[in-house]
Protein chains: 2
Amino acid sequence: MTFAPANQEFVERFGDQLPPDRFSRADARFLIEQRGLATGQPDSLVARPRSTAEVALIVRQANAANVAVIPYGGGTGLVGGQIRSAGPPSLILSCERMKKISKIKPETRVVTTQSGVVLSDLHAALGQQDMIFPLSLGAQGECQIGGNLATNAGGAQVLKYGNMRDLCLGIEAVLPTGEVFNGLSELRKDNTGYDLRHLLIGAEGTLGIITAATLRIFPKPVQQCTAILNIRDLGDALSILEQARIKLDDRVTAFELINLTGVDLVGKHLPDVRIPIAEKSEWMVLIEVVSLIEGDLDSAFNAFVEAEIESGRITNGTVAQSAKQRDEIWTFRETIPLGNRREGAIASHDISVPLDVVASFIESTSRHFHRQYDVRINCFGHVGDGNLHYNIFPGAGRVASDYRNVKAHISDYVYKAVLDTGGSISAEHGIGRFKKAQLAATADPTKLGVMAAVKKALDPNGIMNPGALIDVPS
Amino acid sequence: MTFAPANQEFVERFGDQLPPDRFSRADARFLIEQRGLATGQPDSLVARPRSTAEVALIVRQANAANVAVIPYGGGTGLVGGQIRSAGPPSLILSCERMKKISKIKPETRVVTTQSGVVLSDLHAALGQQDMIFPLSLGAQGECQIGGNLATNAGGAQVLKYGNMRDLCLGIEAVLPTGEVFNGLSELRKDNTGYDLRHLLIGAEGTLGIITAATLRIFPKPVQQCTAILNIRDLGDALSILEQARIKLDDRVTAFELINLTGVDLVGKHLPDVRIPIAEKSEWMVLIEVVSLIEGDLDSAFNAFVEAEIESGRITNGTVAQSAKQRDEIWTFRETIPLGNRREGAIASHDISVPLDVVASFIESTSRHFHRQYDVRINCFGHVGDGNLHYNIFPGAGRVASDYRNVKAHISDYVYKAVLDTGGSISAEHGIGRFKKAQLAATADPTKLGVMAAVKKALDPNGIMNPGALIDVPS
C-alpha cells in the first residue's frame, strides 16, 4: 500500500476548519522508541486535536487523502505499535490535549474520561474521592488511557480486577473513515448487537482511535497487607496462591513472582532502591490482600503466612508493617524491569501459560537454555494470572551482542514452548510491529483470516496504524 | 436474500461423510417459541452433529448450497433468535449431542465444556468438586452453554461475577464459511490481535456457531446470607446497595428489586409457591452475600440490616435462617416471571439504565403510564446492575387484548425513556427477531454500519441465522 505524505499540502486541506496550532512537525519524543529500538519517519506530522469532532475531521481527511495515521498515546508501548519507520511521512495523532475527566460517580462506581488522560492523573483525581482505578503499571506516570485501552493493558492487579478490557464499560472512538462510534455507556448489561467496544480494545489502533471511555472504579481499600515471601519450590506457587485466595476470602489483588536474578540486577544497577527482602532465595512471591472494611485482615494474613511456613512451602518473608514499607515493596517490584534493561537482555518475552504449567514451563525451558548456552535467566511477573516476563541475559563477562547468532533461536524456542502449553506469545504488551511476524507464523489461521476481513471491512484504505498487528493485502 | 431449502437433496450432499441419524425432520420442540410468539418453517430440517468437525462439515455444505442455518440451543431465548418463520425450510443446527464437560480444573478455576451442555448439568458436575459456575437463570434446566454465550446471558449474579462474556476465557466456533476458530484458551491474559471471542459472544449466532468454551469457575461459598428486605423508598435502593457492598467487603453477589405487583401475581397464579415475606410493601430487595471462609458473615450481615433499619431506609425484612429458607427465597424470586406470564402482560421490556437514575426512571415512567392508561406495572429485576424487567399489565377486569391499539405506544415510550437516560433497550435477552426493528431505529448509526460490515465480512452469503439481530442488504 502506498500512502500520501502528511505534509503542508495535507494541512492545507483543513483551510480554516482547524486552528493552525493543531499540527506541528514531529519532534524526537514522538519519533524515538524509548529503548531506541525503532525510529519514526523524521518528517512526520503530529496532530493534537482538542475534541472528538476534531479527531473525526482529521481522520476523515486522512482517509480521503490516503495519509497513514499513527495513533500515539504516552509512547510507552513495548512492541513498536506507536512508531512507523516505513513509507512517506505519517500523521501521528496524539490525544494529549484531550485530558478531561468529565464525570466521577463514586456512588455508581463509574468514571468518564477522555483518552488523553495520563493514568497516574486519573489515579490522583479518583484518590481525592477515596476511589481507585485499579490498573497499575510501571509506566503509569506517562501512559494514557487511550493507549491502555488500545493495548488492553494488564499490570499487577488483574487477578482481582481484570485487565483494561474488563475495566471498561464503554468507549467513544473515531473509526478509520472518520465516523464517530458513540458507545460511552455506563451500563453493566447491554445486549444490543456486536460488542464494538471489545473489538476496538486491544486492536492497537488499527481499527480506530479511542477518544473517551467510561471505566469501572472501586472504593479505596481501608486495609492492605503486602508481603514478599520466599518459596521453597516454584512448583508450590500455584497452591500457595489458591490457599491465599480461599483463606483470605478472595481478596488477593496481586500475586507476583520474583526471581533471585531480578533481585541481584536491581542491587547491581539501582543501588539506591531498597530491597525489602530479609533473606534472598531463588524464588519469591509478592502478595497483596485488601479489605474495604476495618477489621482483622492483618491477623488473617499472618495466620495464612504462618500456616504456609509450618507446611514448609514458605521459608521466610517480609510482611510490610507500614504504608512506607508497602511502598518500598512495590517500588522494588516496579524497578525490576529497569534493572533488567540496564543489564541488557539477549531476548525478552512477555508471555502467558495456563496456571497449572507455570512451574514446569519455567523449569524445562530453563534447563534447556542452561544446557545449550552460557546464559542467566530472570523469569518474573504476574504469576497469579499466568503472565511471565521471561528475560534471558548473557553469562558473566559476556555481552548481549555476543549472542546475536543465537538470539532468534532462543526466542523461537520460548515461543514454541509457550504455544505447546496453550499459552500466548504476548500476554499484555500486544503485537505492535515487533511481534507481527511471530503472530502471523503462529496464530490460528482462521483467526488471522477473520482479523484481515474485519480490518478490511472497517478500514478499506488501510490508513489506520498500517504495519502494526497485521498486514492486510490490498 | 433467497435461500435454498434444507431438504433431502441437501442431506444427500453429505454422501457417506455423515451417518444418516445426524439429520431429522424438525419436530415441534424446535419450531414453536415457548410462549407461542413465533413458529418455525414446518418443513425445517434439524442437524444434530456429534463433533466440531461435523458442525464444520455441515456449515461448509450449507454455505456452498446457500441454505440458511439457524443455531439452536435450549430454545429458551425470549427474543425469537432461535426461530425463523420466513423463507424456505431452514437447517436448524442443534449442539445437544455435544455435551461433554472435558476438563474441570478446580486448582486453576477453569472448566472446558462443549456447547450443548445444559447449564444445570454444568452446575451439577462442578458441585461434585465443590466448585460453582455462577451464571444462574430461571431457564437453567434447559438452556445450553452455547446459547448462553451466543446471547451473553446475565442473570442474578452479574453484580459480583459478571455476565457470560466476563465468565468466558476462550471459545471454539465454526464460522459461516465452515472454518473452525480454535480459541479454546485457558489464559487470563492474551493480547494477540482482535478478540474474536468477544465478537462471537452476544452475536446471537449470526457470526458462527460456538462449539466449545473454557469458562471461569469459583470455589463454592462456605457461608451465605440471603434476605428479602422491605425498603421505604425506591430512591434509597442504590445507597442501600453501596452500604452493603462496603460494609460486607464487596461480597454481595445479588441485589434484586421486587415490586408488590410481582408478589401478588405469584400469590394469584402460583398458590403453591411459598412467599417468604413477613409484611408486604411496595418495594423490596433481595440481597445475597457470600464468603469462602468460616466466620461471622451472619453477624456482619445482621449488623448491616440493623443499621439500615435504624436509619429508616429498611422497614422490615426476612433473613433466611437455613438453606431451606434460602432456597424458598430464590424459588419465589425465580417464579416472578412465570406469575407475570400467567397474568398476561400488555408489553414486557428487558432494559437497563445507569444505576443512579433507576429510581427516577421508574417513578417518572410509572407516573406517565398511570396517568395515560388503566394499567398495573411490575418493574423488577437485577437492580444491582441496572437491569430492570418492566412489565405492564391490564387494569383490573380488563385483558391485554383491550390494549392492542396502545401497546406499541407503550413500548415506544419505555424505549424512548430508556434511551434518554443512556440506557439499553435490551439488557440481557438480546435482540433476536422481535427487537430488530427497535435496534435499527435507535442504535448509534456508526455501530449499525460496523455491524453490517462485520457481518458481510464473516458471512458473505448471509446464511448464518438470517433475519436475527440485523438485516444486511446483499
# chains A, B, ... in the order shown; residues from 1 in each chain; ligands from 1

call {"tool": "interface_residues", "arguments": {"of": "chain B", "to": "chain A", "cutoff": "7 Å", "atoms": "only C-alpha atoms", "output": "ChimeraX atom specification"}}
result
/B:108,179-182,185-195,198-199,202-203,246-247,249,291-293,352-356,385-387,422-424,426-431,444,446-447,450-451,453-454,457-458,469

call {"tool": "residues_around", "arguments": {"residues": "segment 81-85 of chain A", "least_positions_apart": "2", "cutoff": "9 Å", "atoms": "only C-alpha atoms", "output": "number ranges by chain"}}
result
A: 30-33, 38-42, 70-73, 75-79, 87-90, 92, 204-205, 430-434, 465-469

call {"tool": "select_by_dssp", "arguments": {"residues": "segment 189-385 of chain B", "states": "helix (DSSP H, G or I)", "output": "PyMOL selection string"}}
result
chain B and resi 196-200+234-247+260-269+297-311+323-343+355-372+383-385

call {"tool": "atom_distance", "arguments": {"atom1": "atom CA of Arg342 of chain A", "atom2": "atom CA of Lys407 of chain A"}}
result
18.2 Å

call {"tool": "closest_residue", "arguments": {"among": "A:His368, A:Ala278, A:Leu229, A:Ala347", "to": "Glu308 of chain A", "atoms": "only C-alpha atoms"}}
result
A:Leu229

call {"tool": "residues_around", "arguments": {"residues": "segment 9-15 of chain A", "least_positions_apart": "3", "cutoff": "12 Å", "atoms": "only C-alpha atoms", "output": "VMD selection string"}}
result
chain A and resid 4 to 6 18 to 25 44 to 47 54 57 to 68 89 to 91

call {"tool": "write_last_selection", "arguments": {"atoms": "N, CA, C and O atoms", "output": "short mmCIF file (atom, residue, chain, number, x, y, z; two decimals), in the first residue's frame"}}
result
data_model
loop_
_atom_site.label_atom_id
_atom_site.label_comp_id
_atom_site.auth_asym_id
_atom_site.auth_seq_id
_atom_site.Cartn_x
_atom_site.Cartn_y
_atom_site.Cartn_z
N ALA A 4 0.05 8.72 0.82
CA ALA A 4 0.49 10.08 0.53
C ALA A 4 1.19 10.64 1.76
O ALA A 4 0.89 10.23 2.89
N PRO A 5 2.12 11.56 1.59
CA PRO A 5 2.81 12.11 2.77
C PRO A 5 1.90 13.07 3.56
O PRO A 5 1.05 13.74 2.98
N ALA A 6 2.12 13.09 4.87
CA ALA A 6 1.39 14.05 5.73
C ALA A 6 2.20 15.34 5.73
O ALA A 6 2.99 15.60 6.64
N LEU A 18 -9.72 24.18 11.13
CA LEU A 18 -8.93 23.86 12.34
C LEU A 18 -7.92 24.97 12.58
O LEU A 18 -7.26 25.41 11.63
N PRO A 19 -7.74 25.40 13.83
CA PRO A 19 -6.69 26.37 14.12
C PRO A 19 -5.32 25.77 13.77
O PRO A 19 -5.13 24.56 13.90
N PRO A 20 -4.39 26.61 13.33
CA PRO A 20 -3.10 26.09 12.86
C PRO A 20 -2.29 25.37 13.94
O PRO A 20 -1.48 24.51 13.63
N ASP A 21 -2.55 25.68 15.22
CA ASP A 21 -1.74 25.02 16.27
C ASP A 21 -2.07 23.54 16.42
O ASP A 21 -1.46 22.85 17.24
N ARG A 22 -3.03 23.04 15.69
CA ARG A 22 -3.35 21.61 15.82
C ARG A 22 -2.29 20.71 15.19
O ARG A 22 -2.22 19.53 15.48
N PHE A 23 -1.49 21.27 14.28
CA PHE A 23 -0.46 20.47 13.59
C PHE A 23 0.92 21.01 13.90
O PHE A 23 1.10 22.23 14.03
N SER A 24 1.88 20.11 14.02
CA SER A 24 3.27 20.55 14.15
C SER A 24 4.18 19.46 13.62
O SER A 24 3.76 18.30 13.47
N ARG A 25 5.39 19.82 13.34
CA ARG A 25 6.39 18.84 12.93
C ARG A 25 6.68 17.92 14.12
O ARG A 25 6.79 18.38 15.25
N SER A 44 7.61 13.32 9.85
CA SER A 44 6.21 13.07 10.22
C SER A 44 5.58 14.32 10.82
O SER A 44 6.26 15.18 11.40
N LEU A 45 4.26 14.35 10.69
CA LEU A 45 3.47 15.47 11.21
C LEU A 45 2.74 14.97 12.45
O LEU A 45 2.30 13.81 12.50
N VAL A 46 2.62 15.83 13.46
CA VAL A 46 1.83 15.46 14.63
C VAL A 46 0.56 16.28 14.65
O VAL A 46 0.61 17.50 14.47
N ALA A 47 -0.57 15.61 14.83
CA ALA A 47 -1.84 16.32 15.02
C ALA A 47 -2.22 16.19 16.49
O ALA A 47 -2.15 15.09 17.05
N GLU A 54 -12.79 17.17 16.31
CA GLU A 54 -11.55 17.47 15.58
C GLU A 54 -10.83 16.19 15.15
O GLU A 54 -10.30 16.11 14.05
N LEU A 57 -12.64 14.94 12.13
CA LEU A 57 -12.33 15.76 10.94
C LEU A 57 -10.97 15.37 10.37
O LEU A 57 -10.81 15.16 9.15
N ILE A 58 -10.00 15.24 11.24
CA ILE A 58 -8.64 14.92 10.80
C ILE A 58 -8.59 13.53 10.16
O ILE A 58 -8.00 13.33 9.09
N VAL A 59 -9.24 12.56 10.79
CA VAL A 59 -9.19 11.20 10.26
C VAL A 59 -9.95 11.12 8.92
O VAL A 59 -9.51 10.45 7.98
N ARG A 60 -11.06 11.84 8.84
CA ARG A 60 -11.82 11.83 7.58
C ARG A 60 -10.96 12.36 6.43
O ARG A 60 -10.93 11.76 5.35
N GLN A 61 -10.24 13.41 6.70
CA GLN A 61 -9.37 13.97 5.65
C GLN A 61 -8.20 13.03 5.35
O GLN A 61 -7.80 12.89 4.19
N ALA A 62 -7.67 12.41 6.37
CA ALA A 62 -6.55 11.48 6.14
C ALA A 62 -7.02 10.31 5.29
O ALA A 62 -6.32 9.86 4.38
N ASN A 63 -8.23 9.85 5.57
CA ASN A 63 -8.78 8.74 4.78
C ASN A 63 -8.99 9.17 3.33
O ASN A 63 -8.68 8.44 2.39
N ALA A 64 -9.49 10.39 3.16
CA ALA A 64 -9.73 10.89 1.80
C ALA A 64 -8.41 11.10 1.06
O ALA A 64 -8.32 10.86 -0.15
N ALA A 65 -7.39 11.53 1.78
CA ALA A 65 -6.11 11.85 1.14
C ALA A 65 -5.14 10.67 1.12
O ALA A 65 -4.03 10.79 0.61
N ASN A 66 -5.58 9.55 1.71
CA ASN A 66 -4.73 8.35 1.76
C ASN A 66 -3.43 8.59 2.55
O ASN A 66 -2.35 8.19 2.14
N VAL A 67 -3.59 9.26 3.66
CA VAL A 67 -2.46 9.52 4.56
C VAL A 67 -2.51 8.53 5.72
O VAL A 67 -3.57 8.33 6.32
N ALA A 68 -1.40 7.91 6.04
CA ALA A 68 -1.35 6.94 7.15
C ALA A 68 -1.45 7.67 8.49
O ALA A 68 -0.76 8.68 8.70
N PRO A 89 6.22 10.32 5.17
CA PRO A 89 5.90 10.88 6.49
C PRO A 89 4.44 10.63 6.87
O PRO A 89 3.54 10.89 6.08
N SER A 90 4.24 10.12 8.10
CA SER A 90 2.91 9.76 8.57
C SER A 90 2.30 10.91 9.36
O SER A 90 2.98 11.86 9.73
N LEU A 91 1.01 10.76 9.63
CA LEU A 91 0.32 11.68 10.53
C LEU A 91 0.22 11.00 11.89
O LEU A 91 -0.54 10.04 12.06
#

call {"tool": "atom_distance", "arguments": {"atom1": "atom CA of Arg29 of chain B", "atom2": "atom CA of Glu142 of chain B"}}
result
12.0 Å

call {"tool": "select_by_dssp", "arguments": {"residues": "segment 248-311 of chain A", "states": "strand (DSSP E or B)", "output": "list of chain:residue names"}}
result
A:Val252, A:Thr253, A:Ala254, A:Phe255, A:Glu256, A:Leu257, A:Ile258, A:Asn259, A:Trp283, A:Met284, A:Val285, A:Leu286, A:Ile287, A:Glu288, A:Val289, A:Val290, A:Ser291

call {"tool": "atom_distance", "arguments": {"atom1": "atom CA of Ile329 of chain B", "atom2": "atom CA of Ala345 of chain B"}}
result
23.9 Å

call {"tool": "closest_residue", "arguments": {"among": "A:Ala440, A:Ala244, A:Leu388, A:Met131", "to": "Ala359 of chain A", "atoms": "only C-alpha atoms"}}
result
A:Leu388

call {"tool": "decode", "arguments": {"residues": "segment 265-277 of chain A", "atoms": "all heavy atoms", "output": "PDB file, in the first residue's frame"}}
result
ATOM      1  N   LEU A 265      19.925  -7.928  39.954  1.00  0.00           N
ATOM      2  CA  LEU A 265      20.107  -6.877  38.940  1.00  0.00           C
ATOM      3  C   LEU A 265      19.640  -5.524  39.461  1.00  0.00           C
ATOM      4  O   LEU A 265      20.226  -4.498  39.121  1.00  0.00           O
ATOM      5  CB  LEU A 265      19.365  -7.247  37.649  1.00  0.00           C
ATOM      6  CG  LEU A 265      19.954  -8.445  36.893  1.00  0.00           C
ATOM      7  CD1 LEU A 265      19.134  -8.736  35.633  1.00  0.00           C
ATOM      8  CD2 LEU A 265      21.409  -8.210  36.530  1.00  0.00           C
ATOM      9  N   VAL A 266      18.621  -5.492  40.295  1.00  0.00           N
ATOM     10  CA  VAL A 266      18.231  -4.232  40.928  1.00  0.00           C
ATOM     11  C   VAL A 266      19.372  -3.766  41.835  1.00  0.00           C
ATOM     12  O   VAL A 266      19.780  -2.599  41.809  1.00  0.00           O
ATOM     13  CB  VAL A 266      16.914  -4.379  41.723  1.00  0.00           C
ATOM     14  CG1 VAL A 266      16.649  -3.138  42.576  1.00  0.00           C
ATOM     15  CG2 VAL A 266      15.737  -4.621  40.774  1.00  0.00           C
ATOM     16  N   GLY A 267      19.914  -4.681  42.629  1.00  0.00           N
ATOM     17  CA  GLY A 267      21.023  -4.328  43.523  1.00  0.00           C
ATOM     18  C   GLY A 267      22.227  -3.794  42.764  1.00  0.00           C
ATOM     19  O   GLY A 267      22.876  -2.824  43.179  1.00  0.00           O
ATOM     20  N   LYS A 268      22.498  -4.400  41.608  1.00  0.00           N
ATOM     21  CA  LYS A 268      23.684  -4.015  40.824  1.00  0.00           C
ATOM     22  C   LYS A 268      23.500  -2.647  40.152  1.00  0.00           C
ATOM     23  O   LYS A 268      24.390  -1.808  40.201  1.00  0.00           O
ATOM     24  CB  LYS A 268      23.928  -5.091  39.761  1.00  0.00           C
ATOM     25  CG  LYS A 268      25.081  -4.838  38.811  1.00  0.00           C
ATOM     26  CD  LYS A 268      25.251  -6.041  37.863  1.00  0.00           C
ATOM     27  CE  LYS A 268      26.228  -5.732  36.731  1.00  0.00           C
ATOM     28  NZ  LYS A 268      26.256  -6.828  35.736  1.00  0.00           N
ATOM     29  N   HIS A 269      22.330  -2.442  39.536  1.00  0.00           N
ATOM     30  CA  HIS A 269      22.159  -1.248  38.695  1.00  0.00           C
ATOM     31  C   HIS A 269      21.438  -0.104  39.387  1.00  0.00           C
ATOM     32  O   HIS A 269      21.478   1.021  38.906  1.00  0.00           O
ATOM     33  CB  HIS A 269      21.399  -1.621  37.416  1.00  0.00           C
ATOM     34  CG  HIS A 269      22.154  -2.573  36.550  1.00  0.00           C
ATOM     35  ND1 HIS A 269      23.292  -2.199  35.861  1.00  0.00           N
ATOM     36  CD2 HIS A 269      21.969  -3.897  36.279  1.00  0.00           C
ATOM     37  CE1 HIS A 269      23.755  -3.250  35.190  1.00  0.00           C
ATOM     38  NE2 HIS A 269      22.975  -4.293  35.429  1.00  0.00           N
ATOM     39  N   LEU A 270      20.724  -0.383  40.454  1.00  0.00           N
ATOM     40  CA  LEU A 270      19.932   0.664  41.105  1.00  0.00           C
ATOM     41  C   LEU A 270      20.190   0.616  42.602  1.00  0.00           C
ATOM     42  O   LEU A 270      19.290   0.298  43.402  1.00  0.00           O
ATOM     43  CB  LEU A 270      18.443   0.459  40.780  1.00  0.00           C
ATOM     44  CG  LEU A 270      18.162   0.612  39.274  1.00  0.00           C
ATOM     45  CD1 LEU A 270      17.232  -0.463  38.777  1.00  0.00           C
ATOM     46  CD2 LEU A 270      17.622   1.998  38.986  1.00  0.00           C
ATOM     47  N   PRO A 271      21.433   0.921  42.992  1.00  0.00           N
ATOM     48  CA  PRO A 271      21.828   0.724  44.395  1.00  0.00           C
ATOM     49  C   PRO A 271      21.012   1.572  45.368  1.00  0.00           C
ATOM     50  O   PRO A 271      20.962   1.256  46.556  1.00  0.00           O
ATOM     51  CB  PRO A 271      23.309   1.143  44.400  1.00  0.00           C
ATOM     52  CG  PRO A 271      23.518   1.930  43.149  1.00  0.00           C
ATOM     53  CD  PRO A 271      22.521   1.431  42.158  1.00  0.00           C
ATOM     54  N   ASP A 272      20.339   2.625  44.880  1.00  0.00           N
ATOM     55  CA  ASP A 272      19.547   3.456  45.793  1.00  0.00           C
ATOM     56  C   ASP A 272      18.194   2.835  46.139  1.00  0.00           C
ATOM     57  O   ASP A 272      17.507   3.309  47.053  1.00  0.00           O
ATOM     58  CB  ASP A 272      19.304   4.842  45.183  1.00  0.00           C
ATOM     59  CG  ASP A 272      20.604   5.632  45.075  1.00  0.00           C
ATOM     60  OD1 ASP A 272      21.587   5.226  45.739  1.00  0.00           O
ATOM     61  OD2 ASP A 272      20.617   6.622  44.319  1.00  0.00           O
ATOM     62  N   VAL A 273      17.787   1.840  45.384  1.00  0.00           N
ATOM     63  CA  VAL A 273      16.483   1.228  45.663  1.00  0.00           C
ATOM     64  C   VAL A 273      16.633   0.221  46.795  1.00  0.00           C
ATOM     65  O   VAL A 273      17.472  -0.682  46.738  1.00  0.00           O
ATOM     66  CB  VAL A 273      15.931   0.534  44.396  1.00  0.00           C
ATOM     67  CG1 VAL A 273      14.671  -0.249  44.716  1.00  0.00           C
ATOM     68  CG2 VAL A 273      15.657   1.576  43.309  1.00  0.00           C
ATOM     69  N   ARG A 274      15.823   0.394  47.820  1.00  0.00           N
ATOM     70  CA  ARG A 274      15.891  -0.533  48.942  1.00  0.00           C
ATOM     71  C   ARG A 274      15.272  -1.869  48.546  1.00  0.00           C
ATOM     72  O   ARG A 274      14.206  -1.911  47.925  1.00  0.00           O
ATOM     73  CB  ARG A 274      15.111   0.064  50.120  1.00  0.00           C
ATOM     74  CG  ARG A 274      15.578  -0.492  51.470  1.00  0.00           C
ATOM     75  CD  ARG A 274      14.806   0.107  52.622  1.00  0.00           C
ATOM     76  NE  ARG A 274      13.937  -0.898  53.224  1.00  0.00           N
ATOM     77  CZ  ARG A 274      14.367  -1.999  53.836  1.00  0.00           C
ATOM     78  NH1 ARG A 274      15.654  -2.263  53.952  1.00  0.00           N
ATOM     79  NH2 ARG A 274      13.497  -2.847  54.342  1.00  0.00           N
ATOM     80  N   ILE A 275      15.960  -2.947  48.881  1.00  0.00           N
ATOM     81  CA  ILE A 275      15.440  -4.275  48.562  1.00  0.00           C
ATOM     82  C   ILE A 275      14.795  -4.856  49.817  1.00  0.00           C
ATOM     83  O   ILE A 275      15.491  -5.233  50.761  1.00  0.00           O
ATOM     84  CB  ILE A 275      16.567  -5.192  48.022  1.00  0.00           C
ATOM     85  CG1 ILE A 275      17.083  -4.601  46.690  1.00  0.00           C
ATOM     86  CG2 ILE A 275      16.057  -6.615  47.823  1.00  0.00           C
ATOM     87  CD1 ILE A 275      18.216  -5.366  46.051  1.00  0.00           C
ATOM     88  N   PRO A 276      13.477  -4.907  49.852  1.00  0.00           N
ATOM     89  CA  PRO A 276      12.776  -5.265  51.101  1.00  0.00           C
ATOM     90  C   PRO A 276      12.665  -6.778  51.287  1.00  0.00           C
ATOM     91  O   PRO A 276      11.578  -7.316  51.445  1.00  0.00           O
ATOM     92  CB  PRO A 276      11.404  -4.602  50.894  1.00  0.00           C
ATOM     93  CG  PRO A 276      11.200  -4.624  49.407  1.00  0.00           C
ATOM     94  CD  PRO A 276      12.549  -4.584  48.766  1.00  0.00           C
ATOM     95  N   ILE A 277      13.803  -7.425  51.274  1.00  0.00           N
ATOM     96  CA  ILE A 277      13.825  -8.886  51.402  1.00  0.00           C
ATOM     97  C   ILE A 277      14.811  -9.243  52.502  1.00  0.00           C
ATOM     98  O   ILE A 277      15.975  -8.826  52.463  1.00  0.00           O
ATOM     99  CB  ILE A 277      14.252  -9.532  50.062  1.00  0.00           C
ATOM    100  CG1 ILE A 277      13.196  -9.246  48.990  1.00  0.00           C
ATOM    101  CG2 ILE A 277      14.492 -11.020  50.221  1.00  0.00           C
ATOM    102  CD1 ILE A 277      13.577  -9.704  47.608  1.00  0.00           C
TER     103      ILE A 277
END
